[in-house]
Each structure stands twice: as structure tokens, then as C-alpha cells.
>>> print(open('upload_21.csv').read())   # CSV, C-alpha atoms
chain,number,residue,atom,x,y,z
A,17,MET,CA,28.3,33.4,16.0
A,18,ARG,CA,27.2,34.6,19.4
A,19,ALA,CA,26.6,38.1,18.1
A,20,LEU,CA,24.5,36.7,15.3
A,21,TRP,CA,22.5,34.7,17.7
A,22,GLN,CA,21.9,37.7,20.0
A,23,LYS,CA,20.9,39.8,17.0
A,24,LEU,CA,18.4,37.2,15.9
A,25,TYR,CA,17.0,36.8,19.4
A,26,GLY,CA,16.8,40.6,19.7
A,27,TRP,CA,14.9,40.8,16.4
A,28,LEU,CA,12.4,38.1,17.4
A,29,ASP,CA,12.0,39.5,21.0
A,30,GLU,CA,11.2,42.9,19.7
A,31,ARG,CA,8.4,41.5,17.7
A,32,ILE,CA,7.1,38.7,19.9
A,33,GLY,CA,8.0,39.9,23.4
A,34,PHE,CA,9.5,36.8,25.1
A,35,ASP,CA,9.7,38.8,28.3
A,36,ASP,CA,5.9,39.0,28.6
A,37,PHE,CA,5.6,35.2,28.0
A,38,TYR,CA,8.3,34.6,30.6
A,39,LYS,CA,6.6,36.9,33.2
A,40,ASN,CA,3.1,35.6,32.7
A,41,LEU,CA,3.8,31.9,32.2
A,42,LEU,CA,6.9,31.0,34.1
A,43,ASP,CA,7.4,33.8,36.6
A,44,ARG,CA,3.9,34.1,37.9
A,45,PRO,CA,3.3,34.1,41.6
A,46,GLU,CA,2.6,30.7,43.0
A,47,PRO,CA,1.2,29.6,46.4
A,48,ARG,CA,3.6,27.6,48.6
A,49,GLY,CA,4.5,24.4,46.6
A,50,ASN,CA,2.7,21.2,47.1
A,51,TRP,CA,3.0,18.1,45.0
A,52,TRP,CA,-0.7,17.8,44.7
A,53,ASN,CA,-0.6,21.0,42.7
A,54,THR,CA,1.5,19.4,39.9
A,55,LEU,CA,-1.3,17.0,38.7
A,56,GLY,CA,-2.6,19.6,36.1
A,57,SER,CA,0.9,19.9,34.6
A,58,ALA,CA,1.2,16.1,34.7
A,59,SER,CA,-2.1,15.8,32.7
A,60,LEU,CA,-0.9,18.3,30.2
A,61,PHE,CA,2.4,16.4,29.8
A,62,LEU,CA,0.4,13.2,29.3
A,63,PHE,CA,-1.8,14.9,26.7
A,64,ILE,CA,1.2,16.1,24.7
A,65,MET,CA,2.8,12.6,24.9
A,66,GLN,CA,-0.5,11.0,23.7
A,67,VAL,CA,-0.7,13.5,20.8
A,68,LEU,CA,2.9,12.8,19.7
A,69,THR,CA,2.7,9.0,20.0
A,70,GLY,CA,-0.8,9.0,18.5
A,71,ILE,CA,0.5,10.9,15.4
A,72,PHE,CA,3.3,8.4,15.1
A,73,LEU,CA,0.9,5.5,15.2
A,74,THR,CA,-1.2,6.9,12.4
A,75,VAL,CA,1.9,6.5,10.1
A,76,TYR,CA,1.2,2.7,10.2
A,77,TYR,CA,-2.3,2.1,11.6
A,78,ASN,CA,-5.1,1.3,9.1
A,79,PRO,CA,-8.7,1.8,10.3
A,80,SER,CA,-10.4,-0.9,8.3
A,81,PRO,CA,-11.8,-4.2,9.6
A,82,ASP,CA,-9.6,-6.1,7.1
A,83,HIS,CA,-6.3,-4.5,8.2
A,84,ALA,CA,-6.6,-2.8,11.6
A,85,TYR,CA,-5.4,-5.7,13.6
A,86,GLU,CA,-2.7,-6.7,11.1
A,87,SER,CA,-1.4,-3.2,11.0
A,88,ILE,CA,-1.1,-3.2,14.7
A,89,LEU,CA,0.7,-6.5,14.7
A,90,TYR,CA,3.0,-4.9,12.1
A,91,ILE,CA,3.7,-2.0,14.4
A,92,MET,CA,4.4,-4.3,17.3
A,93,ASN,CA,6.6,-6.8,15.5
A,94,ASP,CA,8.2,-5.2,12.5
A,95,VAL,CA,8.4,-1.5,12.9
A,96,GLN,CA,11.6,-0.4,14.8
A,97,PHE,CA,10.5,0.9,18.2
A,98,GLY,CA,6.9,0.3,17.2
A,99,TRP,CA,6.4,-1.6,20.5
A,100,LEU,CA,7.7,1.4,22.4
A,101,VAL,CA,5.5,4.0,20.6
A,102,ARG,CA,2.4,1.9,21.0
A,103,GLY,CA,3.3,0.9,24.5
A,104,ILE,CA,3.6,4.5,25.6
A,105,HIS,CA,0.3,5.4,23.9
A,106,HIS,CA,-1.5,2.3,25.5
A,107,TRP,CA,-0.2,2.8,29.0
A,108,GLY,CA,-0.2,6.6,28.8
A,109,ALA,CA,-4.0,6.5,28.0
A,110,SER,CA,-4.8,4.7,31.2
A,111,LEU,CA,-2.4,6.9,33.2
A,112,MET,CA,-3.9,10.0,31.7
A,113,VAL,CA,-7.5,9.1,32.8
A,114,LEU,CA,-6.1,8.3,36.3
A,115,VAL,CA,-4.1,11.5,36.6
A,116,VAL,CA,-6.9,13.7,35.3
A,117,PHE,CA,-9.3,12.1,37.8
A,118,ILE,CA,-7.0,12.6,40.7
A,119,HIS,CA,-6.5,16.2,39.6
A,120,MET,CA,-10.2,16.6,39.8
A,121,LEU,CA,-10.3,15.1,43.3
A,122,ARG,CA,-7.6,17.4,44.5
A,123,THR,CA,-9.5,20.4,43.1
A,124,PHE,CA,-12.6,19.2,44.9
A,125,VAL,CA,-10.8,18.5,48.2
A,126,THR,CA,-9.1,21.8,48.4
A,127,ALA,CA,-12.3,23.6,47.3
A,128,SER,CA,-10.4,25.3,44.4
A,129,TYR,CA,-13.5,25.3,42.3
A,130,LYS,CA,-15.0,28.3,44.2
A,131,TYR,CA,-15.2,31.9,43.0
A,132,PRO,CA,-13.6,33.0,40.7
A,133,ARG,CA,-12.7,29.6,39.4
A,134,GLU,CA,-16.1,28.0,38.7
A,135,LEU,CA,-15.6,28.2,35.0
A,136,THR,CA,-12.2,26.6,35.3
A,137,TRP,CA,-13.9,23.7,37.1
A,138,LEU,CA,-16.7,23.4,34.6
A,139,VAL,CA,-14.2,23.3,31.7
A,140,GLY,CA,-12.2,20.8,33.7
A,141,ILE,CA,-15.3,18.5,33.9
A,142,GLY,CA,-15.5,18.7,30.1
A,143,LEU,CA,-11.8,17.8,29.9
A,144,LEU,CA,-12.4,14.7,32.1
A,145,LEU,CA,-15.3,13.6,30.0
A,146,ILE,CA,-13.4,14.1,26.7
A,147,THR,CA,-10.4,12.2,28.1
A,148,ILE,CA,-12.7,9.3,28.9
A,149,GLY,CA,-14.2,9.6,25.4
A,150,MET,CA,-10.7,9.4,24.0
A,151,GLY,CA,-10.1,6.2,26.0
A,152,PHE,CA,-13.5,4.7,24.8
A,153,THR,CA,-12.9,5.5,21.1
A,154,GLY,CA,-9.3,4.4,21.2
A,155,TYR,CA,-10.1,1.1,22.8
A,156,LEU,CA,-12.0,-0.1,19.6
A,157,LEU,CA,-9.1,0.7,17.2
A,158,PRO,CA,-7.1,-2.6,17.5
A,159,TRP,CA,-10.3,-4.4,16.3
A,160,HIS,CA,-9.6,-7.6,18.2
A,161,GLN,CA,-12.2,-9.5,20.2
A,162,MET,CA,-11.7,-7.5,23.4
A,163,ALA,CA,-12.1,-4.2,21.5
A,164,TYR,CA,-15.1,-5.5,19.5
A,165,TRP,CA,-17.1,-6.7,22.5
A,166,ALA,CA,-16.1,-3.8,24.7
A,167,THR,CA,-17.5,-1.4,22.1
A,168,THR,CA,-20.6,-3.6,21.6
A,169,VAL,CA,-21.2,-3.4,25.3
A,170,GLY,CA,-20.3,0.3,25.6
A,171,THR,CA,-22.6,1.4,22.8
A,172,ALA,CA,-25.4,-0.8,24.1
A,173,ILE,CA,-25.1,1.0,27.4
A,174,ALA,CA,-25.5,4.3,25.6
A,175,GLY,CA,-28.4,2.7,23.8
A,176,SER,CA,-30.2,2.1,27.1
A,177,VAL,CA,-31.1,5.8,27.4
A,178,PRO,CA,-35.0,6.1,27.5
A,179,PHE,CA,-36.7,7.2,24.2
A,180,LEU,CA,-33.4,8.4,22.5
A,181,GLY,CA,-31.4,5.3,23.2
A,182,ASP,CA,-31.9,3.6,19.8
A,183,PHE,CA,-31.0,6.7,18.0
A,184,ILE,CA,-27.8,7.2,20.1
A,185,LEU,CA,-26.8,3.6,19.5
A,186,GLN,CA,-27.2,3.9,15.8
A,187,ALA,CA,-25.4,7.2,15.7
A,188,LEU,CA,-22.5,5.8,17.6
A,189,ARG,CA,-22.2,2.6,15.6
A,190,GLY,CA,-23.2,4.2,12.2
A,191,GLY,CA,-25.9,1.5,11.9
A,192,PRO,CA,-27.6,-1.1,14.0
A,193,ASP,CA,-24.4,-3.3,14.4
A,194,LEU,CA,-20.7,-2.8,14.7
A,195,SER,CA,-19.2,-2.5,11.2
A,196,ALA,CA,-16.5,-0.8,9.2
A,197,LEU,CA,-18.5,2.4,9.7
A,198,THR,CA,-18.2,2.1,13.4
A,199,LEU,CA,-14.4,1.6,13.2
A,200,GLN,CA,-14.0,4.5,10.8
A,201,ARG,CA,-16.1,7.0,12.8
A,202,PHE,CA,-14.4,6.0,16.1
A,203,TYR,CA,-11.1,6.6,14.4
A,204,ALA,CA,-12.3,10.1,13.2
A,205,ALA,CA,-13.5,10.9,16.7
A,206,HIS,CA,-10.3,9.6,18.2
A,207,ILE,CA,-7.8,11.4,16.0
A,208,TRP,CA,-9.7,14.6,15.0
A,209,ILE,CA,-12.9,15.5,16.8
A,210,LEU,CA,-12.1,14.7,20.4
A,211,PRO,CA,-8.4,15.8,20.3
A,212,LEU,CA,-9.3,19.2,18.8
A,213,LEU,CA,-12.0,19.7,21.4
A,214,LEU,CA,-9.6,18.6,24.1
A,215,GLY,CA,-6.8,20.8,22.8
A,216,GLY,CA,-9.0,23.9,22.5
A,217,LEU,CA,-10.5,23.4,26.0
A,218,ILE,CA,-7.1,22.8,27.5
A,219,GLY,CA,-6.1,26.2,26.0
A,220,PHE,CA,-9.1,27.9,27.7
A,221,HIS,CA,-8.5,26.0,31.0
A,222,LEU,CA,-4.8,27.2,31.0
A,223,PHE,CA,-5.9,30.8,30.1
A,224,LEU,CA,-8.2,30.8,33.1
A,225,ILE,CA,-5.6,29.4,35.4
A,226,ILE,CA,-3.1,32.1,34.4
A,227,LYS,CA,-5.7,34.8,34.6
A,228,HIS,CA,-6.8,33.9,38.1
A,229,GLY,CA,-3.6,32.5,39.5
A,230,GLU,CA,-3.5,29.3,41.5
A,231,SER,CA,-5.6,29.0,44.5
A,232,HIS,CA,-3.8,28.7,47.9
A,233,TRP,CA,-3.9,25.6,50.0
A,234,PRO,CA,-6.8,25.9,52.5
A,235,ASP,CA,-5.7,26.6,56.1
A,236,LYS,CA,-7.5,27.1,59.4
A,237,GLU,CA,-9.0,30.4,58.3
A,238,ASP,CA,-10.9,28.8,55.4
B,41,MET,CA,38.2,31.4,41.3
B,42,SER,CA,39.7,32.5,38.0
B,43,GLY,CA,43.0,30.9,37.3
B,44,SER,CA,42.3,27.8,39.4
B,45,ASN,CA,41.6,24.4,37.9
B,46,HIS,CA,38.1,24.2,39.4
B,47,ILE,CA,35.3,24.8,37.1
B,48,SER,CA,32.8,27.4,38.3
B,49,ARG,CA,29.4,26.3,39.6
B,50,ARG,CA,27.8,28.1,36.7
B,51,ASP,CA,29.9,26.3,34.1
B,52,PHE,CA,29.3,22.9,35.9
B,53,MET,CA,25.5,23.5,35.8
B,54,LYS,CA,25.7,24.5,32.1
B,55,LEU,CA,27.7,21.4,31.3
B,56,THR,CA,25.5,18.9,33.1
B,57,THR,CA,22.3,20.5,31.8
B,58,GLY,CA,23.7,20.3,28.3
B,59,ALA,CA,24.8,16.7,28.7
B,60,ILE,CA,21.5,15.5,30.3
B,61,GLY,CA,19.5,17.5,27.7
B,62,GLY,CA,21.5,15.9,24.9
B,63,PHE,CA,21.0,12.4,26.4
B,64,ILE,CA,17.2,13.0,26.6
B,65,ALA,CA,17.1,14.4,23.0
B,66,ALA,CA,18.9,11.2,21.8
B,67,VAL,CA,16.7,8.8,23.7
B,68,ILE,CA,13.6,10.5,22.2
B,69,GLY,CA,15.0,11.4,18.8
B,70,ILE,CA,16.7,8.1,17.8
B,71,PRO,CA,13.6,5.9,18.3
B,72,SER,CA,11.4,8.5,16.7
B,73,ILE,CA,13.5,8.7,13.5
B,74,ALA,CA,14.0,4.9,13.4
B,75,TYR,CA,10.3,4.4,13.8
B,76,LEU,CA,9.5,6.7,10.8
B,77,ILE,CA,12.1,5.4,8.4
B,78,SER,CA,11.8,1.7,9.5
B,79,PRO,CA,10.3,0.4,6.2
B,80,ALA,CA,13.1,2.1,4.2
B,81,LEU,CA,15.7,0.2,6.1
B,82,ARG,CA,14.4,-3.2,5.1
B,83,GLU,CA,16.6,-5.1,2.7
B,84,ASP,CA,15.0,-5.7,-0.6
B,85,LYS,CA,15.7,-9.3,-1.5
B,86,ALA,CA,16.1,-10.1,-5.2
B,87,GLY,CA,13.1,-12.1,-6.5
B,88,LYS,CA,13.2,-15.5,-8.0
B,89,PRO,CA,14.1,-15.8,-11.6
B,90,VAL,CA,11.1,-15.5,-13.9
B,91,SER,CA,10.5,-17.1,-17.3
B,92,VAL,CA,9.1,-14.3,-19.5
B,93,ALA,CA,9.0,-15.7,-23.1
B,94,ASN,CA,10.1,-18.5,-25.4
B,95,LEU,CA,12.6,-17.7,-28.0
B,96,GLU,CA,10.4,-19.4,-30.7
B,97,ASN,CA,8.0,-16.5,-30.4
B,98,VAL,CA,10.6,-13.7,-30.5
B,99,PRO,CA,11.2,-12.4,-34.0
B,100,VAL,CA,14.8,-11.5,-34.9
B,101,GLY,CA,15.6,-7.8,-35.1
B,102,LYS,CA,12.4,-6.5,-33.5
B,103,PRO,CA,11.9,-5.9,-29.8
B,104,TYR,CA,9.5,-8.3,-28.2
B,105,PRO,CA,7.6,-6.9,-25.2
B,106,PHE,CA,7.1,-8.9,-22.0
B,107,SER,CA,5.8,-8.2,-18.6
B,108,PHE,CA,6.0,-9.8,-15.2
B,109,THR,CA,4.9,-9.1,-11.6
B,110,VAL,CA,6.8,-9.1,-8.4
B,111,THR,CA,4.9,-9.6,-5.2
B,112,ARG,CA,6.3,-8.2,-2.0
B,113,VAL,CA,5.0,-8.1,1.5
B,114,ASN,CA,4.7,-4.4,2.4
B,115,GLY,CA,3.6,-4.0,6.0
B,116,TRP,CA,0.3,-5.9,6.4
B,117,GLU,CA,-0.3,-6.4,2.7
B,118,ARG,CA,1.1,-8.2,-0.3
B,119,THR,CA,1.5,-5.9,-3.2
B,120,SER,CA,2.0,-7.0,-6.7
B,121,THR,CA,3.9,-4.6,-8.9
B,122,ALA,CA,4.1,-5.0,-12.7
B,123,TYR,CA,7.4,-4.6,-14.5
B,124,GLY,CA,8.0,-4.8,-18.2
B,125,GLY,CA,10.8,-5.0,-20.8
B,126,PHE,CA,11.7,-6.0,-24.3
B,127,ILE,CA,13.6,-9.0,-25.6
B,128,LEU,CA,15.8,-8.2,-28.6
B,129,ARG,CA,17.3,-10.9,-30.8
B,130,ARG,CA,20.1,-9.2,-32.6
B,131,SER,CA,20.6,-12.2,-34.8
B,132,ALA,CA,19.4,-15.7,-35.3
B,133,ASP,CA,22.0,-16.9,-32.8
B,134,PRO,CA,20.1,-17.9,-29.6
B,135,ALA,CA,22.9,-16.5,-27.5
B,136,ASP,CA,22.8,-13.0,-29.2
B,137,VAL,CA,20.0,-11.7,-27.0
B,138,LEU,CA,19.5,-8.5,-25.1
B,139,VAL,CA,16.8,-8.1,-22.5
B,140,LEU,CA,16.0,-4.4,-21.9
B,141,SER,CA,13.9,-2.9,-19.1
B,142,SER,CA,11.0,-0.6,-20.3
B,143,ARG,CA,11.5,1.8,-17.4
B,144,CYS,CA,12.6,5.2,-18.7
B,145,THR,CA,15.7,6.3,-17.0
B,146,HIS,CA,14.4,9.9,-16.7
B,147,LEU,CA,11.4,9.5,-14.3
B,148,SER,CA,10.3,5.9,-14.6
B,149,CYS,CA,7.5,6.0,-17.1
B,150,ARG,CA,7.2,2.9,-19.4
B,151,VAL,CA,8.6,3.3,-22.9
B,152,ASN,CA,7.0,1.7,-25.9
B,153,TRP,CA,8.5,0.4,-29.1
B,154,ASN,CA,7.6,2.6,-32.1
B,155,ASP,CA,8.0,0.9,-35.5
B,156,GLU,CA,7.9,4.0,-37.6
B,157,ALA,CA,10.4,5.9,-35.5
B,158,ALA,CA,12.4,2.7,-35.0
B,159,GLY,CA,13.0,3.5,-31.4
B,160,PHE,CA,11.6,3.3,-27.9
B,161,VAL,CA,9.5,6.3,-27.2
B,162,CYS,CA,8.7,7.5,-23.7
B,163,PRO,CA,5.1,9.0,-23.5
B,164,CYS,CA,5.8,11.3,-20.6
B,165,HIS,CA,8.5,13.7,-21.7
B,166,ASP,CA,9.0,12.8,-25.4
B,167,ALA,CA,12.3,11.0,-25.0
B,168,MET,CA,13.6,8.4,-27.5
B,169,PHE,CA,16.0,5.5,-27.1
B,170,ASP,CA,17.4,3.4,-30.0
B,171,ILE,CA,16.9,-0.3,-30.4
B,172,GLU,CA,19.8,-1.1,-28.0
B,173,GLY,CA,18.5,1.3,-25.4
B,174,LYS,CA,20.9,4.3,-26.1
B,175,VAL,CA,19.4,7.7,-25.6
B,176,LEU,CA,18.6,9.4,-29.0
B,177,TYR,CA,17.1,12.5,-27.6
B,178,GLY,CA,15.2,13.9,-24.7
B,179,PRO,CA,15.9,14.3,-21.0
B,180,PRO,CA,17.0,10.7,-19.9
B,181,PRO,CA,20.4,10.8,-18.3
B,182,GLU,CA,21.4,7.3,-19.2
B,183,PRO,CA,20.5,4.4,-21.5
B,184,LEU,CA,17.7,1.9,-20.6
B,185,GLY,CA,18.6,-0.7,-18.0
B,186,HIS,CA,18.8,-4.4,-18.8
B,187,PHE,CA,18.0,-7.7,-17.0
B,188,GLU,CA,20.5,-10.6,-16.6
B,189,HIS,CA,19.0,-13.6,-18.5
B,190,GLU,CA,19.5,-17.3,-19.2
B,191,ILE,CA,18.1,-19.4,-21.9
B,192,ASP,CA,17.2,-22.9,-20.9
B,193,GLY,CA,17.1,-26.1,-23.1
B,194,GLU,CA,13.6,-25.4,-24.3
B,195,GLY,CA,14.3,-21.9,-25.4
B,196,ASN,CA,12.7,-20.2,-22.4
B,197,VAL,CA,14.1,-16.8,-21.6
B,198,ILE,CA,14.6,-16.7,-17.8
B,199,ILE,CA,15.4,-13.3,-16.2
B,200,THR,CA,16.6,-12.3,-12.8
B,201,PRO,CA,14.1,-9.6,-11.9
B,202,VAL,CA,16.6,-6.9,-10.8
B,203,GLU,CA,17.2,-4.1,-13.3
B,204,ILE,CA,20.9,-3.5,-14.0
B,205,LYS,CA,21.8,0.1,-14.9
B,206,GLU,CA,24.1,0.8,-17.8
B,207,GLY,CA,27.5,2.3,-17.1
>>> encode(input="upload_21.csv", output="C-alpha cells")
Amino acid sequence: MRALWQKLYGWLDERIGFDDFYKNLLDRPEPRGNWWNTLGSASLFLFIMQVLTGIFLTVYYNPSPDHAYESILYIMNDVQFGWLVRGIHHWGASLMVLVVFIHMLRTFVTASYKYPRELTWLVGIGLLLITIGMGFTGYLLPWHQMAYWATTVGTAIAGSVPFLGDFILQALRGGPDLSALTLQRFYAAHIWILPLLLGGLIGFHLFLIIKHGESHWPDKED
Amino acid sequence: MSGSNHISRRDFMKLTTGAIGGFIAAVIGIPSIAYLISPALREDKAGKPVSVANLENVPVGKPYPFSFTVTRVNGWERTSTAYGGFILRRSADPADVLVLSSRCTHLSCRVNWNDEAAGFVCPCHDAMFDIEGKVLYGPPPEPLGHFEHEIDGEGNVIITPVEIKEG
């Protein structure tokens, strides 16, 4: 059994090269540890958790005005552990915005955005904006009064942009008012467009971090 | 340390890592699986008895088709599903009645009575059952199912809408 496992591992290692992954991802040199440096990993963990619980929610959620709220009541009351899956997704969303934001503050305070990490910072700004976009689009999905009016207000704010405002408002809502189209396009944005953008940019963000290594904590010399 | 009763530090670490890892896997895994299969775990309650025909209208010796719908609450929606069958009066005796299901025992298509062939024909895979529901030819593994029935004072055929398999 053990020999078989080692053979299989050897076969895969020869073709994939686990050693390289190990050296570059887990064994890379780090500056002296500091808890503030763990916020990026915490954001990544929250992202993965939101993806997994989000996929699970799509098993029962129905993005139509007739059934959206009922399907959520069904998840909360009738599906086993539905309250847990939705609860994690609900609270995880707020926590993710918070953690991503504090991560940005830490990067700013320690001046980690400077050469050669400017691009990492810019991509990070994109990640923060998309995270907020995820929160905004997800907020509408329960289609209860709070969601409906929050989105009415949110899209109206976007509509206050000079000249282009009306176009932006109609593009967001899929028409002049909130409707089935609004719910459907927010759903598409929430489960496909924004997560794919977010996932892709996270990959690029991580690539840059591994390429440049982590910045050291500023000291008197800096 | 070999030969002593103490477990080595390495083995202790392996054991606790395995135990904690297993616990975490269970805490995540069990709710995940329960969540996904939740609707399949619900008990399917037998529906109320349905009156499907009156014996006055059922000729002797020829299967008489009937259909009924069962409405169930599935998640956030009520879904009506149509079921069908045939009432066969084997003789003029009102007690000599067989109520067959029209669900083919192969892959659940609906069988039809064919007068010329004198059998129930399944349109999907060309199977045939005789008038009592026994397989004449084709892929079905077992005869047609039937419904429990009662006949009330006015001659109404009242069935329990749960198909009973033969054999």
C-alpha cells in the first residue's frame, strides 16, 4: 500500500514538480512575522469560503421576483444546515469587506505599495472595488423590502453622475425601474461576472506577491 | 525511546494532526452533504384516496383509462404531477376489478392500450404487456404495477395513489 502510494506520488511529482511549488509557495523567505501581515491570507480564505457557500446557495436559490424570497425562506427553514450555509455567506460577506479594507490600510501604513509593488497595490484597489461590488449585488438577491429599497437608493446614487447618470441607472437596473431584469442581471453579476474578475485578479495579485516577496516592516532607516 | 511505552513526539503530532483534521473534515463534510441531499431525505406522504371513475362507465373486458394529479409542495412551489392507469373489469361482478398503473416498469414511459394487438404498448422501447399487465415482450423487468382500490356504494372506484409493484 505504502509502496503503491509512493510510486503514484513519484509519478506525479516527476511530471508536476511538487518541489517547485513547495519552495516557491510555502518555503519562500518571509520578513519577521507580524499579525498584520496575515490579512491578505485572511481575505483569500474568506473569498474561498464565500465561493463555496455561494455555490451551495445556488442549489436552492431562485433569482425571480416570484420566488427569490420564498426560496430563501426555504433555505433558512427547510433545508438541513441551510441556515448555516446562508449565515456563513451573509456574515462572511461583511467580514470580507472589512478584512480587505483593513488589509489595504495596513499596506498603506507600512508603505508597502512602493516600488516594485505599485502594480500589486493597483490590482488590490481593483480587488477592493470588486469586493464591494459583490456586496452590493448580493444585497439585492433576497428581494425583500430592505434589499429592494437599498438597491433603489444605490442605483439612484449611480444615476446622479452628471450627463451619463441616466444611462448608468438604466444599465444597472435593466430599465427605468427595478424589475425582474434587475434581479436577474444582479444575480449574473454576483455569481459569474464579478467572481470571475475577482478570482482572476486575485491570481495576478498572488503572482506579484510571490514574484516580489513580501515587503519588510518599516524601521528607523526607512 | 524504542521499547518504552511512551509514544514519540513525532507519532503524537501525527496522531493529533490526524484526529483534528478528521474532526474538521467531519464538521465541514457532514453539513455539506446533508445540505445537498436534504430534499431527498423528506418523507413522501401517501396522498389522499382519489375517485377516478364510476363503474357504470367502465365496460367489461376492456381496459378503461383514467388519470389523476397529485400535488406536492416541492421547496417553494406546489407541483402537480399527472399519473394514469387503467381499470379492468374482468367480469360483470363489481368486485372483480383490477386497477393497473400505466407507468412502464422499464423506464417510466406511459403505456397505451392497443385494441388490435390486445395489449398495453409502451411507445418508448416497443414493449408490450398483456391485459393483466404481464410482460409479453420487450425490456421491462416486471409486470405493470397496480393501485389498491375500493368501490363505494355508488360505484365510484376510489384508489390509494401509491403504485404497488408486482412480486
>>> interface_residues(input="upload_21.csv", of="chain A", to="chain B", cutoff="6 Å", atoms="all atoms listed in the file", output="MDAnalysis selection string")
chainID A and resid 86:87 95:97
>>> residues_around(input="upload_21.csv", residues="B:Val139", least_positions_apart="6", cutoff="6 Å", atoms="only C-alpha atoms", output="ChimeraX atom specification")
/B:126-127,186-187
>>> write_last_selection(input="upload_21.csv", atoms="C-alpha atoms", output="compact mmCIF listing (two decimals), in the frame of the given file")
# COMPACT_ATOMS: atom_id res chain seq x y z
CA PHE B 126 11.70 -6.00 -24.30
CA ILE B 127 13.60 -9.00 -25.60
CA HIS B 186 18.80 -4.40 -18.80
CA PHE B 187 18.00 -7.70 -17.00
>>> residues_around(input="upload_21.csv", residues="A:Thr54", least_positions_apart="5", cutoff="12 Å", atoms="all atoms listed in the file", output="MDAnalysis selection string")
chainID A and resid 46 49 59:61 115:116 118:119 122:123 230
>>> residues_around(input="upload_21.csv", residues="stretch 122-125 of chain B", least_positions_apart="2", cutoff="12 Å", atoms="all atoms listed in the file", output="VMD selection string")
chain B and resid 90 92 to 93 103 to 112 119 to 120 127 to 128 138 to 144 148 to 153 160 173 184 to 188 199 201 to 203
>>> residues_around(input="upload_21.csv", residues="A:Leu217", least_positions_apart="6", cutoff="12 Å", atoms="all atoms listed in the file", output="list in words")
Leu60, Leu135, Thr136, Trp137, Leu138, Val139, Gly140, Ile141, Gly142, Leu143, Leu144, Leu145, Ile146, Thr147, Leu210, Pro211, Phe223 and Leu224 of chain A
